[in-house]
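**Student:** Structure file work_29.txt (compact mmCIF, C-alpha atoms and all ligand atoms) right here:
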```
# COMPACT_ATOMS: atom_id res chain seq x y z
CA MET A 523 -7.87 20.62 1.60
CA GLY A 524 -5.18 19.35 3.94
CA ILE A 525 -5.22 15.98 5.65
CA HIS A 526 -3.80 15.82 9.12
CA ALA A 527 -0.45 14.12 9.40
CA GLU A 528 1.78 13.65 12.41
CA PRO A 529 4.12 16.55 13.14
CA GLY A 530 7.13 16.02 10.94
CA GLU A 531 5.22 13.89 8.45
CA ARG A 532 4.21 15.20 5.08
CA GLU A 533 0.78 16.76 4.65
CA VAL A 534 -1.31 14.98 2.03
CA THR A 535 -3.64 17.18 -0.02
CA ALA A 536 -6.12 16.45 -2.80
CA ASP A 537 -3.93 18.51 -5.15
CA ALA A 538 -0.87 16.46 -4.23
CA LEU A 539 -2.87 13.30 -4.95
CA ARG A 540 -3.89 14.63 -8.36
CA ASP A 541 -0.24 15.38 -9.16
CA ALA A 542 0.87 11.95 -8.00
CA PHE A 543 -1.91 10.27 -10.02
CA ARG A 544 -0.78 12.19 -13.11
CA ALA A 545 2.82 11.10 -12.54
CA VAL A 546 1.77 7.43 -12.37
CA TYR A 547 -0.93 7.26 -15.06
CA GLY A 548 -0.33 10.34 -17.27
CA THR A 549 -3.90 11.65 -16.96
CA ASP A 550 -6.01 13.52 -14.40
CA PRO A 551 -8.14 11.52 -11.93
CA GLU A 552 -11.92 11.96 -11.93
CA GLY A 553 -11.91 12.57 -8.19
CA VAL A 554 -10.18 12.21 -4.84
CA TRP A 555 -11.62 10.47 -1.74
CA ALA A 556 -10.45 9.94 1.84
CA ALA A 557 -11.28 7.35 4.52
CA PRO A 558 -9.84 7.37 8.06
CA GLY A 559 -8.28 4.79 10.32
CA ARG A 560 -9.96 4.36 13.69
CA VAL A 561 -9.22 3.83 17.30
CA ASN A 562 -11.62 1.78 19.40
CA LEU A 563 -12.50 3.45 22.69
CA ILE A 564 -14.10 0.29 24.09
CA GLY A 565 -15.71 -2.93 22.83
CA GLU A 566 -12.96 -5.33 21.76
CA HIS A 567 -13.72 -8.67 20.09
CA THR A 568 -17.43 -8.03 20.58
CA ASP A 569 -18.20 -7.26 16.94
CA TYR A 570 -18.28 -10.91 15.84
CA ASN A 571 -20.43 -11.74 18.86
CA ASP A 572 -23.29 -9.45 17.74
CA GLY A 573 -22.26 -7.06 20.55
CA PHE A 574 -21.45 -3.39 21.03
CA VAL A 575 -18.43 -1.33 20.00
CA MET A 576 -17.52 2.35 20.35
CA PRO A 577 -14.78 3.45 17.95
CA PHE A 578 -13.97 6.90 16.62
CA ALA A 579 -12.26 7.99 13.41
CA LEU A 580 -8.67 9.21 13.51
CA PRO A 581 -7.41 12.25 11.63
CA HIS A 582 -5.12 9.81 9.81
CA THR A 583 -6.57 8.90 6.44
CA THR A 584 -6.02 6.86 3.32
CA ILE A 585 -6.61 8.95 0.22
CA ALA A 586 -7.36 7.65 -3.26
CA ALA A 587 -7.28 9.44 -6.62
CA VAL A 588 -9.47 7.45 -8.99
CA SER A 589 -10.56 7.31 -12.65
CA ARG A 590 -12.86 4.78 -14.26
CA ARG A 591 -11.72 2.66 -17.21
CA ASP A 592 -14.03 1.06 -19.75
CA ASP A 593 -11.77 -1.87 -20.69
CA GLY A 594 -12.16 -3.85 -17.44
CA LEU A 595 -8.53 -3.26 -16.43
CA LEU A 596 -7.85 -2.39 -12.78
CA ARG A 597 -4.54 -0.65 -12.12
CA LEU A 598 -3.52 -0.07 -8.49
CA HIS A 599 -0.63 1.95 -7.15
CA SER A 600 0.22 2.91 -3.57
CA ALA A 601 2.85 5.30 -2.29
CA SER A 602 2.72 3.77 1.18
CA GLY A 603 5.77 2.50 2.96
CA ASP A 604 5.65 -1.27 2.86
CA VAL A 605 4.68 -1.77 -0.79
CA ASP A 606 7.20 -1.91 -3.62
CA GLY A 607 5.85 0.94 -5.74
CA ALA A 608 4.95 -1.15 -8.79
CA VAL A 609 1.58 -0.70 -10.50
CA VAL A 610 -0.50 -3.85 -9.99
CA GLU A 611 -2.68 -4.81 -12.97
CA LEU A 612 -5.76 -7.03 -12.69
CA TYR A 613 -8.93 -7.59 -14.71
CA VAL A 614 -12.10 -6.96 -12.72
CA GLY A 615 -13.92 -9.72 -14.60
CA GLU A 616 -11.33 -12.25 -13.43
CA LEU A 617 -11.34 -11.40 -9.72
CA HIS A 618 -12.25 -14.41 -7.61
CA PRO A 619 -11.65 -15.37 -3.94
CA ASP A 620 -10.27 -18.75 -5.05
CA ALA A 621 -7.25 -16.96 -6.55
CA PRO A 622 -6.97 -13.64 -4.71
CA ALA A 623 -4.53 -10.91 -5.74
CA GLN A 624 -1.27 -11.12 -3.79
CA GLY A 625 -0.04 -8.60 -1.20
CA TRP A 626 -1.63 -5.25 -0.48
CA ALA A 627 -3.58 -5.17 -3.78
CA ALA A 628 -5.84 -7.91 -2.37
CA TYR A 629 -7.67 -5.29 -0.26
CA PRO A 630 -8.80 -2.97 -3.07
CA ALA A 631 -9.30 -5.91 -5.46
CA ALA A 632 -11.54 -7.47 -2.80
CA VAL A 633 -13.77 -4.40 -2.83
CA PHE A 634 -14.20 -4.57 -6.62
CA TRP A 635 -15.02 -8.27 -6.30
CA ALA A 636 -17.53 -7.72 -3.46
CA LEU A 637 -19.36 -4.91 -5.27
CA ARG A 638 -19.54 -6.89 -8.52
CA ASP A 639 -20.56 -10.05 -6.66
CA ALA A 640 -23.43 -8.06 -5.10
CA GLY A 641 -24.61 -7.20 -8.61
CA HIS A 642 -23.23 -3.68 -8.96
CA ALA A 643 -21.99 -2.83 -12.45
CA VAL A 644 -18.49 -1.71 -11.53
CA GLY A 645 -15.86 -1.69 -14.29
CA GLY A 646 -12.13 -1.14 -14.31
CA ALA A 647 -10.25 1.80 -12.80
CA ASP A 648 -6.91 3.48 -12.29
CA ILE A 649 -6.21 4.23 -8.60
CA HIS A 650 -3.36 5.89 -6.74
CA TYR A 651 -3.32 5.69 -2.91
CA GLU A 652 -1.45 7.58 -0.22
CA SER A 653 -1.96 7.17 3.50
CA THR A 654 -1.09 8.59 6.89
CA VAL A 655 -2.66 5.61 8.72
CA PRO A 656 0.09 3.45 10.24
CA THR A 657 -0.23 -0.07 8.81
CA GLY A 658 -0.52 -3.12 11.04
CA ALA A 659 -0.79 -0.90 14.14
CA GLY A 660 -4.32 -1.94 15.08
CA LEU A 661 -5.61 1.37 13.69
CA SER A 662 -7.37 -0.21 10.71
CA SER A 663 -5.37 0.82 7.71
CA SER A 664 -6.94 -2.15 5.92
CA ALA A 665 -10.47 -0.84 6.50
CA ALA A 666 -9.42 2.67 5.42
CA LEU A 667 -8.04 1.22 2.19
CA GLU A 668 -11.22 -0.77 1.54
CA VAL A 669 -13.65 1.99 2.46
CA VAL A 670 -11.94 4.70 0.42
CA THR A 671 -12.09 2.37 -2.57
CA ALA A 672 -15.75 1.51 -2.02
CA LEU A 673 -16.75 5.16 -1.52
CA ALA A 674 -15.01 6.24 -4.72
CA LEU A 675 -16.78 3.50 -6.70
CA ASN A 676 -20.09 4.34 -5.00
CA ASP A 677 -19.78 7.94 -6.22
CA LEU A 678 -18.31 7.28 -9.66
CA TYR A 679 -20.83 4.58 -10.52
CA ASP A 680 -23.73 6.30 -8.76
CA LEU A 681 -24.50 3.21 -6.69
CA GLY A 682 -26.36 5.16 -4.01
CA LEU A 683 -25.18 2.88 -1.19
CA GLU A 684 -25.28 4.21 2.38
CA GLY A 685 -22.22 4.09 4.63
CA TRP A 686 -23.33 1.06 6.63
CA ARG A 687 -23.99 -0.86 3.41
CA LEU A 688 -20.55 0.03 2.03
CA ALA A 689 -19.07 -1.15 5.32
CA ARG A 690 -20.88 -4.51 5.02
CA LEU A 691 -19.55 -4.96 1.49
CA CYS A 692 -16.02 -4.10 2.63
CA GLN A 693 -16.27 -6.57 5.51
CA ARG A 694 -17.37 -9.27 3.08
CA ALA A 695 -14.46 -8.28 0.83
CA GLU A 696 -11.97 -8.71 3.69
CA ASN A 697 -13.58 -11.92 5.04
CA VAL A 698 -14.17 -13.78 1.81
CA TYR A 699 -11.65 -12.41 -0.69
CA VAL A 700 -8.69 -11.40 1.52
CA GLY A 701 -9.47 -14.23 3.92
CA ALA A 702 -9.24 -12.26 7.20
CA PRO A 703 -12.16 -13.16 9.53
CA THR A 704 -12.72 -9.63 10.91
CA GLY A 705 -15.94 -8.27 12.37
CA ILE A 706 -17.88 -5.24 11.12
CA MET A 707 -16.45 -2.56 13.42
CA ASP A 708 -13.47 -1.29 11.44
CA GLN A 709 -15.21 -0.70 8.15
CA THR A 710 -18.27 0.86 9.81
CA ALA A 711 -16.06 3.21 11.82
CA SER A 712 -14.20 4.35 8.72
CA ALA A 713 -17.40 4.78 6.71
CA CYS A 714 -19.78 6.21 9.32
CA CYS A 715 -17.90 8.13 12.04
CA THR A 716 -18.37 11.88 12.33
CA ALA A 717 -16.04 14.55 13.68
CA GLY A 718 -16.33 15.15 17.42
CA HIS A 719 -18.15 11.88 18.09
CA ALA A 720 -17.57 8.27 18.97
CA LEU A 721 -19.84 5.81 17.20
CA PHE A 722 -21.92 3.53 19.42
CA LEU A 723 -22.63 0.61 17.12
CA ASP A 724 -24.87 -2.36 17.78
CA THR A 725 -23.21 -4.92 15.52
CA ARG A 726 -26.35 -7.11 15.47
CA ASP A 727 -28.64 -4.72 13.63
CA LEU A 728 -26.02 -2.06 12.75
CA SER A 729 -28.04 0.64 14.50
CA GLN A 730 -25.79 3.56 15.40
CA ARG A 731 -25.63 6.47 17.79
CA GLN A 732 -23.18 9.34 17.44
CA ILE A 733 -21.97 10.19 20.96
CA PRO A 734 -20.25 13.58 21.43
CA VAL A 735 -16.69 13.16 22.71
CA ASP A 736 -14.96 16.47 23.33
CA LEU A 737 -12.12 15.52 25.65
CA ALA A 738 -10.27 18.83 25.20
CA ALA A 739 -13.25 20.74 26.62
CA GLN A 740 -12.88 18.63 29.80
CA GLY A 741 -9.12 19.20 30.04
CA LEU A 742 -8.51 15.60 28.97
CA ARG A 743 -6.62 13.87 26.23
CA LEU A 744 -6.57 10.41 24.70
CA LEU A 745 -3.08 9.24 23.82
CA VAL A 746 -2.55 6.52 21.27
CA VAL A 747 0.62 4.52 21.86
CA ASP A 748 1.62 2.53 18.79
CA THR A 749 4.00 -0.12 20.12
CA GLN A 750 5.11 -0.87 16.53
CA VAL A 751 4.98 -4.52 17.50
CA LYS A 752 3.22 -7.03 15.29
CA HIS A 753 3.35 -10.58 16.55
CA ALA A 754 3.30 -13.46 14.11
CA HIS A 755 0.32 -15.87 14.12
CA SER A 756 -2.08 -13.18 15.33
CA GLU A 757 -4.55 -14.06 12.57
CA GLY A 758 -4.63 -17.72 13.59
CA GLU A 759 -5.19 -16.69 17.22
CA TYR A 760 -7.97 -14.33 16.14
CA GLY A 761 -9.66 -17.20 14.32
CA LYS A 762 -9.33 -19.41 17.40
CA ARG A 763 -10.96 -16.81 19.65
CA ARG A 764 -13.74 -16.38 17.16
CA ALA A 765 -14.35 -20.13 16.92
CA GLY A 766 -14.24 -20.38 20.73
CA CYS A 767 -16.91 -17.69 21.08
CA GLU A 768 -19.11 -19.55 18.61
CA ALA A 769 -18.62 -22.80 20.54
CA ALA A 770 -19.56 -21.02 23.78
CA ALA A 771 -22.71 -19.58 22.20
CA ASP A 772 -23.64 -23.07 20.97
CA ALA A 773 -23.04 -24.57 24.41
CA LEU A 774 -25.22 -21.88 25.97
CA GLU A 775 -27.86 -22.32 23.26
CA VAL A 776 -27.89 -18.67 22.21
CA ASP A 777 -27.41 -17.15 18.74
CA ALA A 778 -24.38 -15.18 19.90
CA LEU A 779 -22.66 -14.32 23.20
CA ARG A 780 -24.36 -10.93 23.05
CA ASP A 781 -27.51 -12.77 24.12
CA VAL A 782 -26.04 -13.70 27.50
CA PRO A 783 -27.25 -10.92 29.83
CA PHE A 784 -24.66 -9.34 32.15
CA GLU A 785 -26.96 -10.04 35.11
CA GLY A 786 -27.10 -13.73 34.13
CA LEU A 787 -23.35 -14.13 33.58
CA ASP A 788 -22.61 -16.26 36.64
CA ASP A 789 -25.40 -18.69 35.78
CA ALA A 790 -24.17 -18.93 32.21
CA LEU A 791 -20.57 -19.56 33.29
CA ALA A 792 -21.75 -22.30 35.64
CA ARG A 793 -23.27 -24.10 32.65
CA LEU A 794 -19.91 -24.22 30.79
CA ASP A 795 -17.54 -27.05 31.66
CA ASP A 796 -14.66 -25.84 29.48
CA GLU A 797 -12.38 -23.28 31.20
CA GLU A 798 -11.42 -21.72 27.84
CA LEU A 799 -15.07 -21.11 26.96
CA VAL A 800 -15.66 -19.67 30.45
CA ARG A 801 -12.91 -17.09 29.91
CA LEU A 802 -14.04 -16.11 26.42
CA THR A 803 -17.65 -15.75 27.53
CA ARG A 804 -16.71 -13.71 30.60
CA HIS A 805 -14.72 -11.29 28.45
CA VAL A 806 -17.39 -10.77 25.80
CA VAL A 807 -20.28 -10.33 28.24
CA THR A 808 -18.40 -7.97 30.58
CA GLU A 809 -17.00 -6.05 27.58
CA ASP A 810 -20.48 -5.46 26.15
CA HIS A 811 -21.43 -4.18 29.59
CA ARG A 812 -18.40 -1.85 29.58
CA VAL A 813 -19.40 -0.39 26.22
CA GLU A 814 -22.82 0.44 27.61
CA GLN A 815 -21.19 1.94 30.72
CA VAL A 816 -18.85 4.10 28.63
CA ALA A 817 -21.69 5.25 26.39
CA ARG A 818 -23.71 6.24 29.46
CA LEU A 819 -20.80 8.04 31.14
CA ALA A 820 -19.92 9.85 27.92
CA GLY A 821 -23.56 10.83 27.47
CA ASP A 822 -23.45 12.33 30.98
CA GLY A 823 -20.21 14.17 30.11
CA ASP A 824 -18.42 12.25 32.89
CA PHE A 825 -15.31 11.44 30.89
CA ARG A 826 -12.96 11.08 33.85
CA ALA A 827 -15.01 8.09 34.99
CA LEU A 828 -14.11 6.30 31.76
CA GLY A 829 -10.58 5.67 33.02
CA PRO A 830 -11.22 2.69 35.34
CA VAL A 831 -13.56 1.09 32.78
CA LEU A 832 -10.79 1.19 30.16
CA THR A 833 -8.34 -0.39 32.59
CA GLU A 834 -10.84 -3.14 33.51
CA GLY A 835 -11.27 -3.80 29.81
CA HIS A 836 -7.52 -4.26 29.47
CA ALA A 837 -7.40 -6.74 32.34
CA SER A 838 -10.19 -8.73 30.71
CA LEU A 839 -8.38 -8.83 27.35
CA ARG A 840 -5.12 -9.77 29.06
CA ASP A 841 -6.37 -12.38 31.54
CA ASP A 842 -9.56 -13.81 30.04
CA PHE A 843 -9.27 -13.29 26.28
CA ARG A 844 -5.45 -13.55 26.42
CA ILE A 845 -4.63 -11.42 23.40
CA SER A 846 -2.36 -8.83 25.00
CA CYS A 847 1.45 -8.92 24.90
CA PRO A 848 4.25 -7.61 27.14
CA GLU A 849 4.52 -4.32 25.25
CA LEU A 850 0.79 -3.54 25.54
CA ASP A 851 0.77 -4.54 29.22
CA LEU A 852 3.73 -2.26 29.81
CA VAL A 853 1.97 0.75 28.25
CA VAL A 854 -0.96 0.18 30.60
CA SER A 855 1.07 -0.34 33.78
CA ALA A 856 3.51 2.51 33.08
CA ALA A 857 0.73 4.93 32.13
CA ASN A 858 -1.53 4.07 35.05
CA ASP A 859 1.37 4.12 37.54
CA SER A 860 2.37 7.59 36.38
CA GLY A 861 -1.03 9.20 36.76
CA ALA A 862 -3.14 8.25 33.74
CA LEU A 863 -6.89 7.94 34.45
CA GLY A 864 -7.01 4.59 32.68
CA SER A 865 -5.69 2.74 29.66
CA ARG A 866 -6.07 -0.38 27.59
CA MET A 867 -4.90 -2.16 24.49
CA THR A 868 -7.04 -1.37 21.44
CA GLY A 869 -7.64 -3.32 18.24
CA GLY A 870 -7.22 -7.02 17.58
CA GLY A 871 -4.33 -7.61 19.99
CA PHE A 872 -0.93 -9.35 20.00
CA GLY A 873 0.73 -6.01 19.34
CA GLY A 874 -0.50 -2.80 17.76
CA SER A 875 -1.67 0.13 19.86
CA ALA A 876 -2.90 1.05 23.32
CA ILE A 877 -4.96 4.06 24.37
CA VAL A 878 -4.35 6.14 27.48
CA LEU A 879 -6.86 8.58 28.99
CA VAL A 880 -5.02 11.34 30.75
CA GLU A 881 -5.45 14.83 32.19
CA ASP A 882 -3.95 17.41 29.84
CA ALA A 883 -1.64 18.56 32.60
CA ALA A 884 -0.29 15.03 33.14
CA ALA A 885 0.00 14.02 29.48
CA HIS A 886 3.66 14.87 29.12
CA LYS A 887 4.66 13.11 32.32
CA VAL A 888 2.71 9.98 31.38
CA GLU A 889 4.19 9.90 27.89
CA GLU A 890 7.69 10.24 29.33
CA ALA A 891 6.99 7.43 31.80
CA VAL A 892 5.83 5.10 29.01
CA LEU A 893 8.88 5.92 26.88
CA ALA A 894 11.21 5.39 29.84
CA ALA A 895 9.57 2.05 30.69
CA PHE A 896 10.01 0.88 27.08
CA ALA A 897 13.63 1.99 27.05
CA SER A 898 14.45 0.13 30.24
CA ALA A 899 12.64 -3.01 29.05
CA GLY A 900 14.72 -2.88 25.86
CA PHE A 901 11.56 -2.52 23.69
CA ARG A 902 11.44 -0.53 20.48
CA THR A 903 10.50 3.15 21.03
CA PRO A 904 6.72 3.49 20.62
CA ARG A 905 5.04 6.22 18.62
CA VAL A 906 2.73 8.40 20.73
CA PHE A 907 0.11 10.85 19.47
CA SER A 908 -3.11 12.28 20.83
CA ALA A 909 -6.29 11.31 19.02
CA VAL A 910 -9.23 13.58 18.31
CA PRO A 911 -12.51 12.10 16.96
CA SER A 912 -12.42 13.03 13.29
CA GLU A 913 -14.47 12.84 10.11
CA GLY A 914 -15.43 9.58 8.45
CA ALA A 915 -15.04 8.73 4.76
CA ARG A 916 -15.73 11.56 2.30
CA ARG A 917 -15.04 12.97 -1.15
CA LEU A 918 -12.28 15.59 -1.17
CA ALA A 919 -12.34 16.75 -4.78
P1 LIG B 1001 -4.33 -2.76 10.26
O1 LIG B 1001 -5.66 -2.78 9.59
O2 LIG B 1001 -4.43 -2.84 11.74
O3 LIG B 1001 -3.48 -1.60 9.85
P2 LIG B 1001 -3.95 -5.15 8.72
O4 LIG B 1001 -2.95 -6.23 8.78
O5 LIG B 1001 -5.38 -5.50 8.81
O6 LIG B 1001 -3.54 -4.09 9.83
O7 LIG B 1001 -3.76 -4.38 7.34
C1 LIG B 1001 -2.50 -3.88 6.98
C2 LIG B 1001 -2.24 -4.19 5.52
O8 LIG B 1001 -3.14 -3.42 4.69
C3 LIG B 1001 -0.86 -3.77 5.05
O9 LIG B 1001 0.09 -4.78 5.30
C4 LIG B 1001 -1.09 -3.59 3.55
O10 LIG B 1001 -1.10 -4.83 2.88
C5 LIG B 1001 -2.49 -3.03 3.50
N1 LIG B 1001 -2.52 -1.56 3.44
C6 LIG B 1001 -3.11 -0.71 4.31
N2 LIG B 1001 -2.99 0.57 3.90
C7 LIG B 1001 -2.33 0.54 2.72
C8 LIG B 1001 -1.91 1.54 1.79
N3 LIG B 1001 -2.17 2.83 1.97
N4 LIG B 1001 -1.26 1.12 0.68
C9 LIG B 1001 -1.01 -0.19 0.48
N5 LIG B 1001 -1.37 -1.15 1.31
C10 LIG B 1001 -2.02 -0.82 2.44
MG MG B 1002 -7.04 -4.43 9.54
```
Would you give me this structure, written as structure tokens?

**Tutor:**
Amino acid sequence: MGIHAEPGEREVTADALRDAFRAVYGTDPEGVWAAPGRVNLIGEHTDYNDGFVMPFALPHTTIAAVSRRDDGLLRLHSASGDVDGAVVELYVGELHPDAPAQGWAAYPAAVFWALRDAGHAVGGADIHYESTVPTGAGLSSSAALEVVTALALNDLYDLGLEGWRLARLCQRAENVYVGAPTGIMDQTASACCTAGHALFLDTRDLSQRQIPVDLAAQGLRLLVVDTQVKHAHSEGEYGKRRAGCEAAADALEVDALRDVPFEGLDDALARLDDEELVRLTRHVVTEDHRVEQVARLAGDGDFRALGPVLTEGHASLRDDFRISCPELDLVVSAANDSGALGSRMTGGGFGGSAIVLVEDAAAHKVEEAVLAAFASAGFRTPRVFSAVPSEGARRLA
């Protein structure tokens, strides 16, 4: 079975993964699993405020060939670009967040730790990974890496855990072991999305709705523009926003900003005397409202009407949450000025990717306009592809 790759990139198949596993470890793997990256249609920085998000899975996946070991040794190897190609060796019994594995291996090691810490009898393993998910592009390569690992262990050790539960364990792995304070969206998207749908997720109770999104049938397309920019200190800024949201919820005497009703926003803002908390609250509450709007419009099949909501979301992230950057702002202005229906940054911010909703007929012109704007600003050439809602995590072989 073939895994979609960008035109010009190699196609990754389960057979190719088996061959690569054999070349690294000298034996056949017990199985091959895949988990996708995601793009978030709307609902940014709402997932740690108990709010709503609406991501869908990309065709880009991280694939793992895996065998169990009975000696407690965990061997990890990845063929992806920014790792050095060495096999990392760890003992599962020694994994602990106080002394996490270094570099990329922290992500899969974290999943072993989280499963074992939750009482699941998971032993050692040999794993080889390949991926077509761009890393550090705001498309959740980290969640794909975690979820593919968790799904393989779930199957091999017959743990019987549902997708949402695997996602929770992966989030705990990333929060506690890797030390990245991310919300629950990325892992749930990778684990639970289905082809042809966006996932409406209530991050408070993890209830989900699969919402059909067939843009092609409407003559529309969603472009993903990977700016290939990753700004330093973005994790510290993420932590600050998160802490600010918690402070605002405390000041407003609610469990989380999700509890501030959109209709009561002005009253709530009037009760805050800190301008920073006002901005953070305004973003989260209006963003939750936008997710509900987008879900309703998508449910009605009115996809063109999504455009302005996406653009409003960008303005809120830029002006109130202040996590955009010149490259992301330029994608949005160049795309919208050249005929896109709407656009916004997607993912955690400070770089990464933007999404652009566009009529099929205008897609080429809009892409050219974005590329030209980047060239004249002296920015690195972005990578542009169109995204179709694709399958979530699954076993391939
Ligand atoms: P994003 O999730 O937006 O891609 P992150 O910074 O959260 O960005 O995660 C990227 C990191 O995840 C990479 O720097 C690398 O350490 C790790 N990673 C993701 N995919 C792979 C892979 N296939 N092989 C090795 N490491 C990976
Ligand atoms: Mg990530």

**Student:** At what distance in Å, to one decimal, does CA of Val776 (chain A) lie from CA of Asp841 (chain A)?

**Tutor:**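 Value for the CA of Asp841 (chain A)-CA of Val776 (chain A) distance: 24.3 Å.
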
**Student:** Taking all atoms listed in the file into account, name the residue in A:Ala579, A:Ala770, A:Glu775, A:Ala837 that is nearest to Asp795 (chain A).

**Tutor:**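 Closest residue, counting all atoms listed in the file: A:Ala770.
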
**Student:** 10 Å from ligand LIG 1001 (chain B) is the threshold here; counting all atoms listed in the file, which polymer residues fall inside it? Answer as a ChimeraX atom specification.

**Tutor:** /A:559-561,583-586,598-607,624-630,650-668,696,700,702,704,708-709,752,756-757,869-871,873-875

**Student:** Which is closest to ligand MG 1002 (chain B) among A:Ser860, A:Gln693, A:Trp686, A:Asp824, if we use only C-alpha atoms and all ligand atoms?

**Tutor:** A:Gln693

**Student:** How many Å lie between CA of Cys767 (chain A) and CA of Glu809 (chain A), rounded to one decimal?

**Tutor:**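 Separation between CA of Cys767 (chain A) and CA of Glu809 (chain A): 13.3 Å.
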
**Student:** Between CA of Ala739 (chain A) and CA of Leu850 (chain A), measure the distance and give it in Å to one decimal.

**Tutor:**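 So the two atoms, CA of Ala739 (chain A) and CA of Leu850 (chain A), lie 28.1 Å apart.
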
**Student:** Ranking A:Ala857, A:Val588, A:Ala711, A:Ala643 by minimum distance to Gly615 (chain A) and counting all atoms listed in the file, which one comes first?

**Tutor:**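 Among the listed residues, A:Ala643 lies closest to Gly615 (chain A).
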
**Student:** Around all the atoms of region 570-573 of chain A listed in the file, with 6 Å of room on each side, what axis-aligned box do you get, giving centre and edge lengths in Å to one decimal, as JSON?

**Tutor:**
```
{"center_x": -20.8, "center_y": -9.4, "center_z": 18.2, "size_x": 17.0, "size_y": 16.7, "size_z": 16.7}
```

**Student:** Looking at only C-alpha atoms and all ligand atoms, which of A:Ala636, A:Leu563, A:Leu675, A:Ile706 is the one that sits closest to ligand MG 1002 (chain B)?

**Tutor:**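 Looking at the shortest contact to ligand MG 1002 (chain B), the residue is A:Ile706.
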
**Student:** Would you list the contacts of Asn676 (chain A) as a list in words, taking every protein, DNA or RNA residue within 10 Å and counting all atoms listed in the file, but skipping same-chain residues closer than 4 positions in sequence?

**Tutor:**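 Within the cut-off, the hits are Leu637, His642, Val644, Val670, Thr671, Ala672, Asp680, Leu681, Gly682, Leu683, Glu684, Gly685 and Leu688 of chain A.
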